[in-house]
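**Student:** Pasting model33.txt below, which is compact mmCIF, C-alpha atoms and all ligand atoms.
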# COMPACT_ATOMS: atom_id res chain seq x y z
CA MET U 1 38.98 -23.74 2.87
CA ASN U 2 42.75 -23.17 3.09
CA LYS U 3 44.59 -24.49 6.09
CA PRO U 4 47.98 -22.91 6.76
CA THR U 5 50.81 -25.39 6.56
CA PRO U 6 54.18 -25.26 8.31
CA ALA U 7 55.66 -24.22 4.95
CA ASN U 8 53.87 -20.88 5.02
CA GLN U 9 54.59 -20.08 8.65
CA THR U 10 57.20 -17.39 9.01
CA GLN U 11 60.54 -17.51 10.76
CA ALA U 12 59.44 -14.77 13.14
CA GLN U 13 56.90 -17.11 14.68
CA ALA U 14 59.53 -19.50 15.95
CA HIS U 15 61.33 -16.84 18.05
CA LEU U 16 58.37 -14.98 19.47
CA PRO U 17 57.68 -15.23 23.21
CA VAL U 18 54.15 -16.60 22.96
CA ALA U 19 52.19 -18.17 25.77
CA ARG U 20 49.27 -20.44 25.00
CA PRO U 21 46.21 -20.13 27.24
CA ASP U 22 46.30 -22.12 30.48
CA ASP U 23 43.60 -24.31 28.96
CA LYS U 24 45.66 -25.84 26.16
CA GLU U 25 42.79 -27.74 24.58
CA ARG U 26 41.20 -24.65 23.08
CA ALA U 27 40.66 -24.51 19.32
CA VAL U 28 42.15 -21.69 17.28
CA ILE U 29 39.46 -19.25 16.12
CA ILE U 30 41.68 -16.58 14.50
CA ARG U 31 45.04 -17.24 12.90
CA THR U 32 47.16 -14.68 11.08
CA ARG U 33 50.15 -15.41 8.89
CA ASN U 34 52.76 -12.75 8.12
CA LEU U 35 50.07 -10.08 8.19
CA ARG U 36 51.24 -6.78 6.76
CA LYS U 37 49.51 -3.47 6.14
CA SER U 38 51.01 -0.34 4.61
CA TYR U 39 49.29 2.97 4.13
CA ARG U 40 50.49 5.31 1.41
CA MET U 41 49.80 9.03 1.70
CA GLY U 42 51.48 10.81 -1.19
CA GLN U 43 55.17 9.89 -1.03
CA VAL U 44 54.94 8.68 2.57
CA VAL U 45 54.40 4.98 3.28
CA THR U 46 53.53 3.91 6.82
CA GLU U 47 54.04 0.26 7.64
CA ALA U 48 51.31 -0.14 10.23
CA LEU U 49 51.63 -3.94 10.50
CA ARG U 50 54.96 -5.61 9.77
CA GLY U 51 54.37 -9.34 9.85
CA ILE U 52 51.92 -10.45 12.54
CA ASP U 53 51.71 -14.19 13.24
CA VAL U 54 49.26 -15.01 16.00
CA GLU U 55 46.81 -17.67 17.02
CA LEU U 56 43.83 -16.59 19.10
CA TYR U 57 41.73 -19.23 20.81
CA ARG U 58 38.00 -19.82 20.93
CA GLY U 59 36.53 -18.56 24.16
CA GLU U 60 39.57 -16.66 25.36
CA PHE U 61 39.69 -13.08 26.59
CA ILE U 62 42.80 -11.45 25.20
CA CYS U 63 43.83 -7.84 25.73
CA VAL U 64 45.97 -6.09 23.14
CA MET U 65 48.28 -3.37 24.38
CA GLY U 66 50.82 -1.10 22.74
CA PRO U 67 51.74 2.57 22.33
CA SER U 68 49.61 4.90 20.24
CA GLY U 69 50.27 4.23 16.56
CA SER U 70 51.66 0.72 17.17
CA GLY U 71 49.02 -0.88 14.92
CA LYS U 72 46.30 -2.12 17.30
CA SER U 73 43.32 -0.68 15.39
CA THR U 74 44.88 -1.70 12.08
CA PHE U 75 45.19 -5.25 13.40
CA PHE U 76 41.53 -5.17 14.44
CA ASN U 77 40.47 -3.89 11.02
CA MET U 78 42.32 -6.77 9.36
CA VAL U 79 41.04 -9.59 11.59
CA GLY U 80 37.55 -8.10 11.53
CA GLY U 81 37.46 -8.06 7.74
CA LEU U 82 36.87 -4.30 7.73
CA ASP U 83 39.95 -3.68 5.56
CA SER U 84 42.29 -5.83 3.48
CA PRO U 85 45.91 -6.55 4.35
CA THR U 86 48.67 -5.49 1.97
CA SER U 87 49.95 -9.05 2.23
CA GLY U 88 49.60 -12.04 4.50
CA ARG U 89 46.59 -14.03 5.58
CA VAL U 90 43.79 -13.98 8.13
CA PHE U 91 42.03 -17.27 8.87
CA ILE U 92 38.79 -17.31 10.85
CA ASP U 93 37.81 -20.83 11.89
CA GLU U 94 40.51 -21.91 9.40
CA VAL U 95 38.77 -20.14 6.50
CA ASP U 96 41.04 -17.77 4.58
CA VAL U 97 39.15 -14.46 4.66
CA ALA U 98 40.82 -13.31 1.43
CA GLN U 99 39.19 -16.20 -0.44
CA LEU U 100 35.65 -15.15 0.52
CA SER U 101 33.34 -13.51 -1.98
CA ALA U 102 31.90 -10.10 -1.11
CA VAL U 103 28.67 -11.77 0.02
CA GLU U 104 30.50 -14.33 2.18
CA LEU U 105 32.62 -11.59 3.74
CA ALA U 106 29.50 -9.56 4.53
CA PHE U 107 27.98 -12.68 6.11
CA LEU U 108 31.12 -13.19 8.23
CA ARG U 109 31.11 -9.57 9.40
CA CYS U 110 27.41 -9.68 10.16
CA ARG U 111 27.17 -13.07 11.90
CA LYS U 112 30.51 -14.07 13.28
CA ILE U 113 32.09 -10.86 14.57
CA GLY U 114 30.76 -8.09 16.77
CA TYR U 115 32.50 -4.71 16.95
CA ILE U 116 32.74 -2.26 19.83
CA PHE U 117 34.49 1.07 19.34
CA GLN U 118 35.74 3.74 21.72
CA THR U 119 33.25 6.25 20.29
CA TYR U 120 30.24 3.88 20.40
CA ASN U 121 29.31 4.60 16.72
CA LEU U 122 25.56 4.47 17.29
CA VAL U 123 23.15 5.87 14.70
CA GLN U 124 22.06 9.15 16.26
CA TYR U 125 18.52 9.31 14.93
CA LEU U 126 17.62 5.74 15.96
CA THR U 127 16.44 4.57 19.37
CA ALA U 128 18.51 2.15 21.44
CA LEU U 129 16.27 -0.70 20.32
CA GLU U 130 16.50 0.29 16.66
CA ASN U 131 20.28 0.53 16.90
CA VAL U 132 20.38 -3.00 18.32
CA THR U 133 18.02 -4.47 15.73
CA VAL U 134 19.54 -2.93 12.58
CA PRO U 135 22.18 -5.70 12.22
CA MET U 136 19.44 -8.30 12.72
CA ALA U 137 17.64 -6.97 9.66
CA PHE U 138 20.84 -7.54 7.64
CA ALA U 139 20.80 -11.13 8.90
CA GLY U 140 17.16 -11.60 7.84
CA VAL U 141 15.56 -11.23 11.29
CA SER U 142 12.98 -8.48 11.59
CA GLY U 143 9.61 -7.62 13.07
CA ASP U 144 8.52 -9.08 16.39
CA GLU U 145 11.38 -11.54 16.66
CA ALA U 146 13.97 -8.78 16.21
CA ARG U 147 12.14 -6.63 18.75
CA GLN U 148 12.06 -9.45 21.32
CA ARG U 149 15.71 -10.30 20.78
CA GLY U 150 16.66 -6.62 20.90
CA LEU U 151 14.84 -6.10 24.19
CA ALA U 152 16.48 -9.21 25.65
CA LEU U 153 19.92 -7.85 24.69
CA LEU U 154 19.12 -4.43 26.17
CA ASP U 155 18.01 -6.27 29.31
CA LEU U 156 21.33 -8.11 29.36
CA VAL U 157 23.18 -4.77 29.48
CA GLY U 158 20.71 -3.26 31.98
CA LEU U 159 18.94 -0.90 29.58
CA LYS U 160 15.60 -2.54 28.83
CA GLU U 161 13.68 0.36 30.34
CA ARG U 162 15.48 2.82 28.09
CA TRP U 163 14.85 1.07 24.78
CA PHE U 164 13.20 4.17 23.28
CA HIS U 165 16.04 6.59 24.11
CA LYS U 166 18.18 8.01 21.34
CA PRO U 167 21.96 8.27 21.83
CA ILE U 168 21.82 12.00 22.65
CA GLU U 169 19.49 11.16 25.58
CA MET U 170 21.92 8.62 27.04
CA SER U 171 25.15 8.88 29.03
CA GLY U 172 28.42 7.62 27.55
CA GLY U 173 28.19 4.41 29.54
CA GLN U 174 24.61 3.82 28.43
CA GLN U 175 25.60 4.42 24.82
CA GLN U 176 28.45 1.94 25.13
CA ARG U 177 26.12 -0.61 26.73
CA THR U 178 23.75 -0.12 23.78
CA ALA U 179 26.70 -0.62 21.43
CA ILE U 180 27.55 -3.88 23.23
CA ALA U 181 23.94 -5.05 22.86
CA ARG U 182 24.15 -4.17 19.16
CA SER U 183 27.45 -6.03 18.78
CA MET U 184 25.72 -9.16 20.13
CA SER U 185 22.66 -8.83 17.90
CA ASN U 186 23.55 -11.80 15.69
CA ASN U 187 25.16 -13.84 18.46
CA PRO U 188 28.76 -13.56 17.20
CA ALA U 189 31.53 -15.91 18.28
CA ILE U 190 34.05 -13.05 18.40
CA LEU U 191 33.87 -9.55 19.88
CA LEU U 192 36.48 -7.06 18.75
CA CYS U 193 36.63 -4.20 21.25
CA ASP U 194 38.81 -1.22 20.37
CA GLU U 195 39.40 0.81 23.56
CA PRO U 196 35.82 0.16 24.79
CA THR U 197 36.25 2.14 28.00
CA GLY U 198 38.57 4.82 26.60
CA ASN U 199 35.93 7.56 26.87
CA LEU U 200 34.38 6.48 30.16
CA ASP U 201 35.00 7.30 33.80
CA LEU U 202 36.17 4.59 36.21
CA ARG U 203 32.77 3.60 37.56
CA THR U 204 31.08 3.52 34.17
CA GLY U 205 34.06 1.62 32.78
CA SER U 206 33.52 -1.04 35.47
CA GLU U 207 29.98 -1.67 34.25
CA ILE U 208 31.34 -2.34 30.77
CA HIS U 209 34.02 -4.67 32.20
CA GLN U 210 31.40 -6.74 33.98
CA ILE U 211 29.28 -7.07 30.84
CA LEU U 212 32.26 -8.17 28.75
CA LYS U 213 33.28 -10.64 31.45
CA ARG U 214 29.78 -12.15 31.51
CA LEU U 215 29.66 -12.48 27.73
CA ASN U 216 33.00 -14.27 27.86
CA LYS U 217 32.26 -16.56 30.81
CA GLU U 218 28.56 -17.27 30.31
CA ARG U 219 28.25 -17.24 26.52
CA GLY U 220 31.78 -18.29 25.60
CA VAL U 221 32.31 -15.26 23.36
CA THR U 222 35.94 -14.79 22.30
CA ILE U 223 36.89 -11.27 23.36
CA ILE U 224 39.78 -9.40 21.76
CA CYS U 225 40.18 -6.06 23.38
CA ALA U 226 42.60 -3.20 22.71
CA THR U 227 42.90 -1.30 25.97
CA HIS U 228 45.11 0.55 28.43
CA ASP U 229 42.60 -0.06 31.22
CA HIS U 230 44.32 -2.17 33.86
CA ARG U 231 41.09 -3.40 35.40
CA LEU U 232 40.08 -4.79 32.03
CA ILE U 233 43.53 -6.29 31.56
CA SER U 234 43.25 -7.99 34.95
CA MET U 235 40.27 -9.98 33.57
CA ALA U 236 42.10 -11.26 30.50
CA ASP U 237 43.37 -14.80 29.92
CA ARG U 238 46.28 -13.48 27.87
CA ILE U 239 47.90 -10.15 27.10
CA MET U 240 49.48 -9.37 23.74
CA TRP U 241 51.81 -6.42 23.20
CA ILE U 242 52.16 -4.85 19.77
CA ARG U 243 55.00 -2.46 19.07
CA ASP U 244 55.89 -0.85 15.72
CA GLY U 245 53.49 -3.15 13.87
CA GLN U 246 54.90 -6.37 15.30
CA VAL U 247 53.93 -8.64 18.16
CA GLU U 248 56.39 -8.01 20.95
CA ARG U 249 55.19 -10.78 23.24
CA ILE U 250 52.12 -12.66 24.44
CA VAL U 251 51.81 -13.77 28.06
CA ASN U 252 49.26 -15.55 30.17
CA ARG U 253 47.75 -13.02 32.53
CA SER U 254 48.39 -15.41 35.40
CA GLU U 255 52.12 -14.95 34.71
CA VAL U 256 52.13 -11.19 35.34
CA THR U 257 51.01 -8.99 38.18
CA VAL U 258 48.52 -6.38 37.03
CA GLU U 259 48.24 -3.36 39.30
CA THR U 260 46.48 -0.08 38.69
CA GLY U 261 48.84 2.05 36.65
CA SER U 262 51.40 -0.62 35.78
CA ILE U 263 52.03 -4.15 34.67
CA GLU U 264 55.02 -5.97 36.04
CA GLY U 265 57.91 -5.90 33.56
CA GLN U 266 56.27 -3.38 31.24
CA GLU U 267 56.49 0.36 31.37
CA ASN U 268 53.29 2.38 31.22
CA GLU U 269 52.18 3.47 27.78
N1 LIG G 1 43.86 5.10 7.07
C1 LIG G 1 45.14 5.36 7.34
N2 LIG G 1 45.90 6.05 6.45
C2 LIG G 1 47.20 6.30 6.71
N3 LIG G 1 47.86 5.91 7.83
C3 LIG G 1 47.14 5.22 8.74
C4 LIG G 1 45.75 4.91 8.55
N4 LIG G 1 45.31 4.21 9.63
C5 LIG G 1 46.36 4.10 10.47
N5 LIG G 1 47.46 4.69 9.93
C6 LIG G 1 48.80 4.74 10.53
O1 LIG G 1 49.16 3.41 10.87
C7 LIG G 1 49.82 3.37 12.13
C8 LIG G 1 49.05 2.47 13.08
O2 LIG G 1 47.83 3.10 13.40
P1 LIG G 1 46.74 2.44 14.36
O3 LIG G 1 45.52 3.29 14.28
O4 LIG G 1 46.59 1.01 14.00
O5 LIG G 1 47.44 2.55 15.78
P2 LIG G 1 46.86 2.23 17.25
O6 LIG G 1 47.84 1.30 17.90
O7 LIG G 1 45.45 1.79 17.14
O8 LIG G 1 46.96 3.64 17.95
P3 LIG G 1 46.00 4.30 19.11
O9 LIG G 1 46.41 3.67 20.42
O10 LIG G 1 46.36 5.76 19.05
O11 LIG G 1 44.58 4.02 18.74
C9 LIG G 1 49.93 4.81 12.60
O12 LIG G 1 51.20 5.31 12.22
C10 LIG G 1 48.83 5.52 11.82
O13 LIG G 1 49.14 6.87 11.60
MG MG G 2 43.64 2.56 17.83
As structure tokens, please, write out the structure in this file.
Ligand SMILES: Nc1ncnc2c1ncn2[C@@H]1O[C@H](COP(=O)(O)OP(=O)(O)OP(=O)(O)O)[C@@H](O)[C@H]1O
Ligand SMILES: [Mg+2]

**Tutor:**
Amino acid sequence: MNKPTPANQTQAQAHLPVARPDDKERAVIIRTRNLRKSYRMGQVVTEALRGIDVELYRGEFICVMGPSGSGKSTFFNMVGGLDSPTSGRVFIDEVDVAQLSAVELAFLRCRKIGYIFQTYNLVQYLTALENVTVPMAFAGVSGDEARQRGLALLDLVGLKERWFHKPIEMSGGQQQRTAIARSMSNNPAILLCDEPTGNLDLRTGSEIHQILKRLNKERGVTIICATHDHRLISMADRIMWIRDGQVERIVNRSEVTVETGSIEGQENE
């Protein structure tokens, strides 16, 4: 276990406008230190992340905003352990992810973090229930227990009666609700949501908002959500803006007025 020390905190951190949550007692669940990611394609190098230093708190709901290409998904891939940074560190519960063995990293991804994507990413030939229980099998839960837990999760998202439907037989909102149930299959502490309502209409999007809000308030799940959806942003504890691979600012939501189509002090993106 490697704890970051003041010596390895970067200069950038000291000057960044960063608000802590209103509840200042919260423990840090994700910490990044000078996180950088470059992609090379032939002769072209894209610096997707250029030194991200953030602390995200257990139980908070934080929305991540920024123009297309600013590095939001790249940031998610790094903190979710789906890809490795070019340099810098990610700590989850103060454990340096880079120090984990392949097995430990797989355990972290399976147990600690749930993922929700804009395009749902369900397995097309599996039923809703099978989609939800697949990650349980990876965690060693199968058979009747997995089935019971899967049905309870589908019930939580209002889809218990449709457990036998395959993705093609479900609407976009139903598929995303199934994906949320799947993301919760191993009771993760963190949900990473990358544009979860990006493909949904307003009403269907609202159903997803309510489910995420419940998971945050009732189960204490830390929700980190890339979105442009102002109704989702209005539920957040904090809002973080990323621009050109760097954190531009982090504010408490209570400090800004969120209205449909705009956020005070920030142009639409
Ligand atoms: N696998 C990759 N190979 C090469 N370049 C990549 C790769 N993934 C992302 N990039 C580049 O990194 C930059 C950041 O991309 P990223 O997907 O993180 O942006 P984003 O903020 O999520 O954008 P959007 O809002 O459109 O989803 C972009 O310039 C993108 O083209
Ligand atoms: Mg993205």

**Student:** Smallest atom-to-atom distance to ligand LIG 1 (chain G): which of U:Ile224, U:Leu215, U:Ile242, U:Cys63, using only C-alpha atoms and all ligand atoms?

**Tutor:** U:Ile242

**Student:** What lies within 7 Å of segment 180-196 of chain U using all atoms listed in the file, ignoring chain neighbours under 2 positions off, as a PDB file with C-alpha atoms, keeping the file's coordinate frame?

**Tutor:**
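Everything below was put into result_0.pdb:
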ATOM      1  CA  SER U  73      43.320  -0.680  15.390  1.00  0.00           C
ATOM      2  CA  PHE U  76      41.530  -5.170  14.440  1.00  0.00           C
ATOM      3  CA  ARG U 111      27.170 -13.070  11.900  1.00  0.00           C
ATOM      4  CA  LYS U 112      30.510 -14.070  13.280  1.00  0.00           C
ATOM      5  CA  ILE U 113      32.090 -10.860  14.570  1.00  0.00           C
ATOM      6  CA  GLY U 114      30.760  -8.090  16.770  1.00  0.00           C
ATOM      7  CA  TYR U 115      32.500  -4.710  16.950  1.00  0.00           C
ATOM      8  CA  ILE U 116      32.740  -2.260  19.830  1.00  0.00           C
ATOM      9  CA  PHE U 117      34.490   1.070  19.340  1.00  0.00           C
ATOM     10  CA  GLN U 118      35.740   3.740  21.720  1.00  0.00           C
ATOM     11  CA  ASN U 131      20.280   0.530  16.900  1.00  0.00           C
ATOM     12  CA  VAL U 132      20.380  -3.000  18.320  1.00  0.00           C
ATOM     13  CA  THR U 133      18.020  -4.470  15.730  1.00  0.00           C
ATOM     14  CA  PRO U 135      22.180  -5.700  12.220  1.00  0.00           C
ATOM     15  CA  MET U 136      19.440  -8.300  12.720  1.00  0.00           C
ATOM     16  CA  LEU U 153      19.920  -7.850  24.690  1.00  0.00           C
ATOM     17  CA  LEU U 154      19.120  -4.430  26.170  1.00  0.00           C
ATOM     18  CA  VAL U 157      23.180  -4.770  29.480  1.00  0.00           C
ATOM     19  CA  GLN U 176      28.450   1.940  25.130  1.00  0.00           C
ATOM     20  CA  ARG U 177      26.120  -0.610  26.730  1.00  0.00           C
ATOM     21  CA  THR U 178      23.750  -0.120  23.780  1.00  0.00           C
ATOM     22  CA  GLY U 198      38.570   4.820  26.600  1.00  0.00           C
ATOM     23  CA  VAL U 221      32.310 -15.260  23.360  1.00  0.00           C
ATOM     24  CA  THR U 222      35.940 -14.790  22.300  1.00  0.00           C
ATOM     25  CA  ILE U 223      36.890 -11.270  23.360  1.00  0.00           C
ATOM     26  CA  ILE U 224      39.780  -9.400  21.760  1.00  0.00           C
ATOM     27  CA  CYS U 225      40.180  -6.060  23.380  1.00  0.00           C
ATOM     28  CA  ALA U 226      42.600  -3.200  22.710  1.00  0.00           C
ATOM     29  CA  THR U 227      42.900  -1.300  25.970  1.00  0.00           C
TER      30      THR U 227
END

**Student:** Could you please give me, as a VMD selection string, the residues of protein, DNA or RNA lying at most 6 Å from (51.1, -16.9, 24.9) in the coordinate frame of the file, considering all atoms listed in the file?

**Tutor:** chain U and resid 18 to 20 250 to 252

**Student:** Counting only C-alpha atoms, which residues sit no farther than 10 Å from the position (48.5, -4.9, 4.1) in the file's frame? I'd like them as a PyMOL selection string.

**Tutor:** chain U and resi 34-39+47-51+74-75+78+83-89

**Student:** Could you put an axis-aligned box around every listed atom of ligand LIG 1 (chain G), padded by 6 Å on each side, and send me its centre and edge lengths in Å to one decimal, as AutoDock Vina command-line options?

**Tutor:**
--center_x 47.5 --center_y 3.9 --center_z 13.4 --size_x 19.3 --size_y 17.9 --size_z 26.0

**Student:** So how many Å separate atom CA of Phe107 of chain U and atom CA of Gly140 of chain U, to one decimal?

**Tutor:** 11.0 Å

**Student:** Place N, CA and C atoms on segment 97-111 of chain U and deliver the coordinates as a PDB file, in the coordinates of the input.

**Tutor:**
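Wrote part21.pdb, looks like this:
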ATOM      1  N   VAL U  97      40.100 -15.558   4.911  1.00  0.00           N
ATOM      2  CA  VAL U  97      39.150 -14.460   4.660  1.00  0.00           C
ATOM      3  C   VAL U  97      39.322 -13.885   3.254  1.00  0.00           C
ATOM      4  N   ALA U  98      40.561 -13.889   2.757  1.00  0.00           N
ATOM      5  CA  ALA U  98      40.820 -13.310   1.430  1.00  0.00           C
ATOM      6  C   ALA U  98      40.142 -14.112   0.314  1.00  0.00           C
ATOM      7  N   GLN U  99      39.813 -15.358   0.594  1.00  0.00           N
ATOM      8  CA  GLN U  99      39.190 -16.200  -0.440  1.00  0.00           C
ATOM      9  C   GLN U  99      37.669 -16.034  -0.489  1.00  0.00           C
ATOM     10  N   LEU U 100      37.111 -15.273   0.469  1.00  0.00           N
ATOM     11  CA  LEU U 100      35.650 -15.150   0.520  1.00  0.00           C
ATOM     12  C   LEU U 100      35.155 -14.182  -0.551  1.00  0.00           C
ATOM     13  N   SER U 101      33.986 -14.460  -1.070  1.00  0.00           N
ATOM     14  CA  SER U 101      33.340 -13.510  -1.980  1.00  0.00           C
ATOM     15  C   SER U 101      32.825 -12.337  -1.152  1.00  0.00           C
ATOM     16  N   ALA U 102      32.414 -11.270  -1.824  1.00  0.00           N
ATOM     17  CA  ALA U 102      31.900 -10.100  -1.110  1.00  0.00           C
ATOM     18  C   ALA U 102      30.705 -10.484  -0.231  1.00  0.00           C
ATOM     19  N   VAL U 103      29.861 -11.360  -0.735  1.00  0.00           N
ATOM     20  CA  VAL U 103      28.670 -11.770   0.020  1.00  0.00           C
ATOM     21  C   VAL U 103      29.085 -12.589   1.249  1.00  0.00           C
ATOM     22  N   GLU U 104      30.035 -13.506   1.053  1.00  0.00           N
ATOM     23  CA  GLU U 104      30.500 -14.330   2.180  1.00  0.00           C
ATOM     24  C   GLU U 104      31.179 -13.472   3.244  1.00  0.00           C
ATOM     25  N   LEU U 105      31.936 -12.474   2.790  1.00  0.00           N
ATOM     26  CA  LEU U 105      32.620 -11.590   3.740  1.00  0.00           C
ATOM     27  C   LEU U 105      31.586 -10.772   4.533  1.00  0.00           C
ATOM     28  N   ALA U 106      30.564 -10.304   3.846  1.00  0.00           N
ATOM     29  CA  ALA U 106      29.500  -9.560   4.530  1.00  0.00           C
ATOM     30  C   ALA U 106      28.808 -10.457   5.558  1.00  0.00           C
ATOM     31  N   PHE U 107      28.609 -11.718   5.204  1.00  0.00           N
ATOM     32  CA  PHE U 107      27.980 -12.680   6.110  1.00  0.00           C
ATOM     33  C   PHE U 107      28.861 -12.869   7.350  1.00  0.00           C
ATOM     34  N   LEU U 108      30.166 -13.016   7.111  1.00  0.00           N
ATOM     35  CA  LEU U 108      31.120 -13.190   8.230  1.00  0.00           C
ATOM     36  C   LEU U 108      31.065 -11.992   9.174  1.00  0.00           C
ATOM     37  N   ARG U 109      31.105 -10.784   8.576  1.00  0.00           N
ATOM     38  CA  ARG U 109      31.110  -9.570   9.400  1.00  0.00           C
ATOM     39  C   ARG U 109      29.801  -9.426  10.168  1.00  0.00           C
ATOM     40  N   CYS U 110      28.735  -9.856   9.552  1.00  0.00           N
ATOM     41  CA  CYS U 110      27.410  -9.680  10.160  1.00  0.00           C
ATOM     42  C   CYS U 110      27.155 -10.723  11.256  1.00  0.00           C
ATOM     43  N   ARG U 111      27.569 -11.962  11.030  1.00  0.00           N
ATOM     44  CA  ARG U 111      27.170 -13.070  11.900  1.00  0.00           C
ATOM     45  C   ARG U 111      28.236 -13.506  12.892  1.00  0.00           C
TER      46      ARG U 111
END
